[in-house]
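Listing of my_file.pdb; format and content: PDB, C-alpha atoms.
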MODEL        1
ATOM      1  CA  MET A 239     -19.219 -56.662  95.276
ATOM      2  CA  SER A 240     -19.485 -53.869  92.784
ATOM      3  CA  ASP A 241     -17.400 -51.746  95.122
ATOM      4  CA  GLU A 242     -14.337 -50.484  93.316
ATOM      5  CA  LEU A 243     -11.105 -49.230  94.781
ATOM      6  CA  VAL A 244      -8.688 -47.498  92.404
ATOM      7  CA  LEU A 245      -5.060 -46.827  93.287
ATOM      8  CA  GLU A 246      -2.740 -45.074  90.843
ATOM      9  CA  ARG A 247       1.008 -44.717  90.982
ATOM     10  CA  ARG A 248       3.608 -43.170  88.668
ATOM     11  CA  VAL A 249       6.723 -45.265  88.333
ATOM     12  CA  SER A 250       9.909 -44.067  86.655
ATOM     13  CA  ALA A 251      10.566 -47.342  84.850
ATOM     14  CA  PRO A 252       9.544 -48.882  81.532
ATOM     15  CA  PRO A 253       6.312 -50.974  81.537
ATOM     16  CA  ASP A 254       8.082 -54.227  80.628
ATOM     17  CA  LYS A 255      10.264 -53.827  83.698
ATOM     18  CA  VAL A 256       7.304 -53.017  85.978
ATOM     19  CA  PHE A 257       5.331 -55.935  84.538
ATOM     20  CA  THR A 258       7.808 -58.471  85.916
ATOM     21  CA  TYR A 259       7.084 -57.378  89.504
ATOM     22  CA  PHE A 260       3.519 -58.602  89.069
ATOM     23  CA  THR A 261       4.235 -61.750  87.122
ATOM     24  CA  GLU A 262       7.505 -63.280  88.328
ATOM     25  CA  PRO A 263       7.289 -64.914  91.771
ATOM     26  CA  ASP A 264      10.800 -63.789  92.782
ATOM     27  CA  LYS A 265      10.055 -60.197  91.870
ATOM     28  CA  TRP A 266       6.658 -60.328  93.553
ATOM     29  CA  LEU A 267       8.287 -61.569  96.772
ATOM     30  CA  ALA A 268      10.607 -58.565  96.730
ATOM     31  CA  TRP A 269       7.619 -56.361  97.597
ATOM     32  CA  GLN A 270       5.285 -58.720  99.461
ATOM     33  CA  GLY A 271       5.299 -62.243 100.785
ATOM     34  CA  THR A 272       7.559 -65.192 101.440
ATOM     35  CA  GLU A 273       6.271 -67.807  98.973
ATOM     36  CA  ALA A 274       4.539 -67.311  95.656
ATOM     37  CA  GLU A 275       2.981 -69.504  92.970
ATOM     38  CA  MET A 276       1.738 -67.935  89.765
ATOM     39  CA  GLU A 277       0.313 -69.865  86.880
ATOM     40  CA  LEU A 278       0.043 -67.071  84.357
ATOM     41  CA  VAL A 279      -2.763 -68.334  82.168
ATOM     42  CA  ALA A 280      -6.479 -67.621  82.447
ATOM     43  CA  GLY A 281      -7.823 -69.914  85.176
ATOM     44  CA  GLY A 282      -4.350 -70.508  86.598
ATOM     45  CA  LEU A 283      -3.703 -70.595  90.313
ATOM     46  CA  TRP A 284      -2.295 -67.519  91.982
ATOM     47  CA  ARG A 285      -1.139 -67.918  95.600
ATOM     48  CA  VAL A 286       1.091 -65.850  97.863
ATOM     49  CA  ASN A 287       2.091 -66.266 101.492
ATOM     50  CA  VAL A 288       1.816 -62.624 102.545
ATOM     51  CA  THR A 289       4.340 -61.825 105.256
ATOM     52  CA  GLY A 290       2.646 -62.015 108.644
ATOM     53  CA  GLN A 291      -0.837 -62.482 107.222
ATOM     54  CA  GLY A 292      -1.039 -65.992 105.839
ATOM     55  CA  PHE A 293      -1.952 -67.134 102.356
ATOM     56  CA  ALA A 294      -3.865 -65.015  99.896
ATOM     57  CA  SER A 295      -4.954 -66.791  96.744
ATOM     58  CA  GLY A 296      -7.114 -66.598  93.678
ATOM     59  CA  ARG A 297      -7.333 -67.425  89.992
ATOM     60  CA  VAL A 298      -5.708 -65.637  87.119
ATOM     61  CA  VAL A 299      -8.350 -63.962  84.955
ATOM     62  CA  GLU A 300      -6.292 -62.272  82.254
ATOM     63  CA  VAL A 301      -2.670 -61.608  81.352
ATOM     64  CA  VAL A 302      -1.627 -59.220  78.577
ATOM     65  CA  GLU A 303       2.148 -58.986  78.297
ATOM     66  CA  ASN A 304       3.494 -55.697  79.675
ATOM     67  CA  GLU A 305       0.003 -54.204  79.912
ATOM     68  CA  ARG A 306      -2.400 -55.951  82.173
ATOM     69  CA  VAL A 307      -2.702 -58.630  84.861
ATOM     70  CA  VAL A 308      -6.046 -59.516  86.429
ATOM     71  CA  PHE A 309      -6.600 -62.051  89.175
ATOM     72  CA  THR A 310      -9.105 -62.770  91.923
ATOM     73  CA  TRP A 311      -7.797 -62.325  95.423
ATOM     74  CA  GLY A 312      -8.701 -63.157  99.018
ATOM     75  CA  TRP A 313      -7.512 -64.574 102.322
ATOM     76  CA  GLU A 314      -7.574 -68.371 102.614
ATOM     77  CA  ARG A 315      -8.113 -68.267 106.378
ATOM     78  CA  GLY A 316     -11.292 -66.823 107.746
ATOM     79  CA  PRO A 317     -14.503 -65.904 106.014
ATOM     80  CA  ALA A 318     -13.785 -62.193 105.737
ATOM     81  CA  VAL A 319     -12.504 -61.420 102.214
ATOM     82  CA  PRO A 320     -12.230 -65.081 101.099
ATOM     83  CA  PRO A 321     -10.521 -66.046  97.809
ATOM     84  CA  GLY A 322     -12.710 -65.021  94.899
ATOM     85  CA  SER A 323     -14.386 -62.211  96.810
ATOM     86  CA  THR A 324     -12.237 -59.488  95.281
ATOM     87  CA  THR A 325     -10.638 -58.983  91.880
ATOM     88  CA  VAL A 326      -7.320 -57.211  91.445
ATOM     89  CA  ALA A 327      -6.625 -55.630  88.052
ATOM     90  CA  ILE A 328      -3.181 -54.191  87.399
ATOM     91  CA  GLU A 329      -2.960 -51.914  84.377
ATOM     92  CA  LEU A 330       0.283 -50.433  83.114
ATOM     93  CA  VAL A 331      -0.118 -47.291  81.049
ATOM     94  CA  PRO A 332       3.084 -45.868  79.523
ATOM     95  CA  GLU A 333       3.589 -42.129  79.554
ATOM     96  CA  ALA A 334       5.493 -40.048  77.012
ATOM     97  CA  MET A 335       9.308 -40.212  77.217
ATOM     98  CA  GLY A 336       9.083 -43.967  77.427
ATOM     99  CA  HIS A 337       8.212 -44.009  81.102
TER     100      HIS A 337
ATOM    101  CA  MET B 266     -11.416 -51.033 116.233
ATOM    102  CA  ASP B 267     -11.065 -51.181 112.455
ATOM    103  CA  GLY B 268     -12.219 -54.089 110.283
ATOM    104  CA  LEU B 269      -8.778 -55.657 110.238
ATOM    105  CA  GLN B 270      -8.454 -55.666 114.027
ATOM    106  CA  VAL B 271     -11.938 -57.106 114.330
ATOM    107  CA  VAL B 272     -11.187 -60.123 112.135
ATOM    108  CA  ALA B 273      -7.584 -60.460 113.313
ATOM    109  CA  GLU B 274      -8.800 -62.174 116.467
ATOM    110  CA  PRO B 275      -8.986 -65.948 115.676
ATOM    111  CA  ARG B 276     -12.064 -66.576 117.812
ATOM    112  CA  ARG B 277     -13.971 -63.769 116.152
ATOM    113  CA  ARG B 278     -13.046 -65.240 112.772
ATOM    114  CA  ALA B 279     -14.304 -68.623 113.964
ATOM    115  CA  ILE B 280     -17.580 -67.077 115.157
ATOM    116  CA  LEU B 281     -18.015 -65.310 111.837
ATOM    117  CA  GLN B 282     -17.449 -68.590 110.019
ATOM    118  CA  LEU B 283     -20.029 -70.295 112.232
ATOM    119  CA  VAL B 284     -22.758 -67.776 111.445
ATOM    120  CA  TRP B 285     -21.726 -67.339 107.796
ATOM    121  CA  SER B 286     -24.493 -69.546 106.446
ATOM    122  CA  GLN B 287     -26.803 -70.003 109.434
ATOM    123  CA  GLU B 288     -28.513 -67.951 112.087
ATOM    124  CA  LEU B 289     -27.549 -68.909 115.637
ATOM    125  CA  ALA B 290     -28.384 -67.834 119.174
ATOM    126  CA  ALA B 291     -25.494 -66.621 121.331
ATOM    127  CA  GLY B 292     -25.784 -69.749 123.495
ATOM    128  CA  ASP B 293     -25.432 -72.040 120.469
ATOM    129  CA  ILE B 294     -22.401 -70.092 119.338
ATOM    130  CA  ALA B 295     -20.832 -70.227 122.820
ATOM    131  CA  ALA B 296     -21.357 -74.005 122.911
ATOM    132  CA  HIS B 297     -18.801 -74.315 120.086
ATOM    133  CA  PHE B 298     -16.040 -72.752 122.127
ATOM    134  CA  ASP B 299     -14.243 -73.567 125.328
ATOM    135  CA  VAL B 300     -14.481 -70.023 126.645
ATOM    136  CA  SER B 301     -17.077 -68.406 128.876
ATOM    137  CA  PHE B 302     -20.381 -67.153 127.557
ATOM    138  CA  PRO B 303     -19.521 -63.520 128.471
ATOM    139  CA  ALA B 304     -16.329 -63.791 126.410
ATOM    140  CA  VAL B 305     -18.286 -65.003 123.370
ATOM    141  CA  SER B 306     -20.902 -62.365 123.995
ATOM    142  CA  GLN B 307     -18.218 -59.698 123.992
ATOM    143  CA  HIS B 308     -16.827 -60.937 120.661
ATOM    144  CA  LEU B 309     -20.348 -60.872 119.229
ATOM    145  CA  GLY B 310     -20.671 -57.275 120.381
ATOM    146  CA  VAL B 311     -17.461 -56.319 118.598
ATOM    147  CA  LEU B 312     -18.546 -58.113 115.405
ATOM    148  CA  ARG B 313     -21.938 -56.418 115.556
ATOM    149  CA  ASP B 314     -20.468 -52.945 116.155
ATOM    150  CA  ALA B 315     -18.179 -53.428 113.161
ATOM    151  CA  GLY B 316     -21.131 -54.449 111.002
ATOM    152  CA  PHE B 317     -19.938 -58.004 110.386
ATOM    153  CA  VAL B 318     -22.934 -59.660 112.016
ATOM    154  CA  SER B 319     -26.591 -58.741 112.156
ATOM    155  CA  VAL B 320     -28.861 -59.494 115.086
ATOM    156  CA  ARG B 321     -32.520 -60.439 114.891
ATOM    157  CA  ARG B 322     -34.716 -60.749 117.930
ATOM    158  CA  GLU B 323     -37.108 -63.677 118.168
ATOM    159  CA  GLY B 324     -39.025 -63.619 121.441
ATOM    160  CA  ARG B 325     -36.362 -63.554 124.128
ATOM    161  CA  THR B 326     -33.674 -64.925 121.857
ATOM    162  CA  ARG B 327     -31.217 -62.877 119.846
ATOM    163  CA  LEU B 328     -30.159 -64.597 116.662
ATOM    164  CA  TYR B 329     -26.871 -63.753 115.018
ATOM    165  CA  SER B 330     -25.894 -64.134 111.384
ATOM    166  CA  ALA B 331     -23.028 -62.867 109.247
ATOM    167  CA  ASN B 332     -23.759 -59.719 107.321
ATOM    168  CA  LEU B 333     -22.710 -60.895 103.880
ATOM    169  CA  LYS B 334     -22.503 -57.364 102.523
ATOM    170  CA  ALA B 335     -19.885 -56.630 105.163
ATOM    171  CA  LEU B 336     -16.974 -56.147 102.827
ATOM    172  CA  GLY B 337     -17.879 -52.491 103.402
ATOM    173  CA  PRO B 338     -16.099 -52.234 106.780
ATOM    174  CA  LEU B 339     -13.126 -54.060 105.256
ATOM    175  CA  ARG B 340     -12.744 -51.593 102.425
ATOM    176  CA  PRO B 341     -10.461 -49.206 104.382
ATOM    177  CA  MET B 342      -8.401 -52.209 105.420
ATOM    178  CA  LEU B 343      -7.973 -53.375 101.825
ATOM    179  CA  GLU B 344      -7.195 -49.841 100.712
ATOM    180  CA  LYS B 345      -4.541 -49.447 103.414
ATOM    181  CA  MET B 346      -2.977 -52.784 102.593
ATOM    182  CA  TRP B 347      -2.715 -52.253  98.822
ATOM    183  CA  THR B 348      -1.584 -48.654  99.291
ATOM    184  CA  GLU B 349       1.293 -49.689 101.546
ATOM    185  CA  LYS B 350       2.311 -52.529  99.278
ATOM    186  CA  LEU B 351       2.153 -50.415  96.123
ATOM    187  CA  ASP B 352       4.221 -47.667  97.738
ATOM    188  CA  ARG B 353       6.833 -50.217  98.708
ATOM    189  CA  LEU B 354       6.769 -51.638  95.165
ATOM    190  CA  VAL B 355       7.237 -48.242  93.491
ATOM    191  CA  THR B 356      10.204 -47.427  95.746
ATOM    192  CA  LEU B 357      11.720 -50.814  95.015
ATOM    193  CA  ILE B 358      11.295 -50.644  91.227
ATOM    194  CA  GLU B 359      12.748 -47.146  91.030
ATOM    195  CA  LYS B 360      15.704 -48.154  93.171
ATOM    196  CA  GLU B 361      16.409 -51.213  91.033
ATOM    197  CA  THR B 362      15.881 -49.386  87.727
ATOM    198  CA  ARG B 363      18.146 -46.448  88.483
TER     199      ARG B 363
ENDMDL
END
Could the structure of this file be written out as structure tokens, please?
Amino acid sequence: MSDELVLERRVSAPPDKVFTYFTEPDKWLAWQGTEAEMELVAGGLWRVNVTGQGFASGRVVEVVENERVVFTWGWERGPAVPPGSTTVAIELVPEAMGH
Amino acid sequence: MDGLQVVAEPRRRAILQLVWSQELAAGDIAAHFDVSFPAVSQHLGVLRDAGFVSVRREGRTRLYSANLKALGPLRPMLEKMWTEKLDRLVTLIEKETR
């Protein structure tokens, strides 16, 4: 799929703080899911039990401290959007004023 | 019905899985399930309308197969899901950072 979907948000918090919500299982679970496993190295397993929707999983592609997290993503159950069929790239870009 | 509703139904997911890598007639698909042929036929109709399966006619038989480019109909679903989750995340981070 070359289809790209871009979502942008402004967050009033420093990048290192925001970064933890994508990389620490406990923090990730605060915004989605009930169980999370994250092996934060290229090729590592990434797996989350998304509340009410079953497991989504994938492989970690890239991690750059406080800047970037990339992993493949998909639903384990059912053929529609299976693991590996989509790639999620999270990029943190600091703005002036330290936010 | 949006893409998410279409694949939310377990039997439709099972049908999609069945025709993911092979072309099958409705009767062959129905034989895999313990529900009536009309019920399977109805699911096939929903999958076809949503663009998840393609139909090819061979004589009197209609052959069904998964449309592997069908992430298209799921795009709005993925967009909705990530949008909701990101919004929740931003609210949460700002609340905890304050």
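Using all atoms listed in the file, the shortest contact distance between chain A and any of B:Arg277, B:Asp267, B:Glu288, B:Pro303 is found at B:Arg277.
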Inset, instruction - Please measure the separation of CA of Pro263 in chain A and CA of Arg363 in chain B, giving the value in Å to one decimal. - result: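 These atoms are spaced 21.7 Å apart.
Using all atoms listed in the file, the chain B residues found within 6 Å of chain A amount to Arg278, Gln282, Leu354 and Val355 of chain B.
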Inset, instruction - Find the spatial neighbours of range 303-314 of chain A, counting all atoms listed in the file, within a cut-off of 6 Å - ignore same-chain residues fewer than 3 positions away - and output them as a list in words. - result: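 Result of the neighbour search: Pro253, Asp254, Phe257, Phe293, Ala294, Ser295, Gly296, Arg297, Val298, Val299, Glu300, Val319, Pro320, Pro321, Gly322, Thr324, Thr325, Val326, Ala327, Ile328, Glu329 and Leu330 of chain A.
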Inset, instruction - Record the distance separating CA of Gly271 in chain A and CA of Arg285 in chain A, expressed in Å with one decimal. - result: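 Between CA of Gly271 in chain A and CA of Arg285 in chain A the gap works out to 10.0 Å.
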Inset, instruction - Enumerate, as a list in words, the residues matched when the PyMOL selection byres ((chain B and resi 304) around 12) is run on the file above. - result: Arg276, Arg277, Ile280, Ala291, Gly292, Ile294, Ala295, Ala296, Phe298, Asp299, Val300, Ser301, Phe302, Pro303, Val305, Ser306, Gln307, His308, Leu309, Gly310 and Val311 of chain B
Legend entry - Picked residues, the PyMOL selection byres ((chain B and resi 318-330) around 7), expected as a ChimeraX atom specification: /B:284-285,287-291,312-313,316-317,331-332
Inset, instruction - Identify which of the residues B:His297, B:Arg353, B:Lys345, B:Lys360 lies closest to Leu267 in chain A, counting only C-alpha atoms when measuring atom-to-atom distances. - result: B:Arg353
For range 343-358 of chain B, supply N, CA and C atoms and report the output as an mmCIF file, keeping the file's coordinate frame.
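So rebuild16.cif came out as:
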data_model
loop_
_atom_site.group_PDB
_atom_site.id
_atom_site.type_symbol
_atom_site.label_atom_id
_atom_site.label_comp_id
_atom_site.auth_asym_id
_atom_site.auth_seq_id
_atom_site.Cartn_x
_atom_site.Cartn_y
_atom_site.Cartn_z
ATOM 1 N N LEU B 343 -8.545 -52.966 103.111
ATOM 2 C CA LEU B 343 -7.973 -53.375 101.825
ATOM 3 C C LEU B 343 -7.243 -52.210 101.169
ATOM 4 N N GLU B 344 -7.815 -51.023 101.310
ATOM 5 C CA GLU B 344 -7.195 -49.841 100.712
ATOM 6 C C GLU B 344 -5.830 -49.576 101.352
ATOM 7 N N LYS B 345 -5.782 -49.685 102.677
ATOM 8 C CA LYS B 345 -4.541 -49.447 103.414
ATOM 9 C C LYS B 345 -3.492 -50.482 102.985
ATOM 10 N N MET B 346 -3.917 -51.735 102.930
ATOM 11 C CA MET B 346 -2.977 -52.784 102.593
ATOM 12 C C MET B 346 -2.373 -52.596 101.200
ATOM 13 N N TRP B 347 -3.223 -52.398 100.193
ATOM 14 C CA TRP B 347 -2.715 -52.253 98.822
ATOM 15 C C TRP B 347 -1.923 -50.963 98.656
ATOM 16 N N THR B 348 -2.319 -49.918 99.372
ATOM 17 C CA THR B 348 -1.584 -48.654 99.291
ATOM 18 C C THR B 348 -0.164 -48.844 99.804
ATOM 19 N N GLU B 349 -0.036 -49.471 100.969
ATOM 20 C CA GLU B 349 1.293 -49.689 101.546
ATOM 21 C C GLU B 349 2.159 -50.554 100.639
ATOM 22 N N LYS B 350 1.539 -51.617 100.107
ATOM 23 C CA LYS B 350 2.311 -52.529 99.278
ATOM 24 C C LYS B 350 2.730 -51.864 97.965
ATOM 25 N N LEU B 351 1.818 -51.102 97.377
ATOM 26 C CA LEU B 351 2.153 -50.415 96.123
ATOM 27 C C LEU B 351 3.256 -49.384 96.331
ATOM 28 N N ASP B 352 3.183 -48.665 97.444
ATOM 29 C CA ASP B 352 4.221 -47.667 97.738
ATOM 30 C C ASP B 352 5.582 -48.345 97.854
ATOM 31 N N ARG B 353 5.583 -49.480 98.539
ATOM 32 C CA ARG B 353 6.833 -50.217 98.708
ATOM 33 C C ARG B 353 7.342 -50.676 97.335
ATOM 34 N N LEU B 354 6.400 -51.146 96.496
ATOM 35 C CA LEU B 354 6.769 -51.638 95.165
ATOM 36 C C LEU B 354 7.380 -50.533 94.301
ATOM 37 N N VAL B 355 6.745 -49.355 94.315
ATOM 38 C CA VAL B 355 7.237 -48.242 93.491
ATOM 39 C C VAL B 355 8.659 -47.859 93.925
ATOM 40 N N THR B 356 8.878 -47.763 95.215
ATOM 41 C CA THR B 356 10.204 -47.427 95.746
ATOM 42 C C THR B 356 11.227 -48.461 95.279
ATOM 43 N N LEU B 357 10.827 -49.720 95.388
ATOM 44 C CA LEU B 357 11.720 -50.814 95.015
ATOM 45 C C LEU B 357 12.075 -50.787 93.525
ATOM 46 N N ILE B 358 11.058 -50.643 92.676
ATOM 47 C CA ILE B 358 11.295 -50.644 91.227
ATOM 48 C C ILE B 358 12.217 -49.483 90.849
#
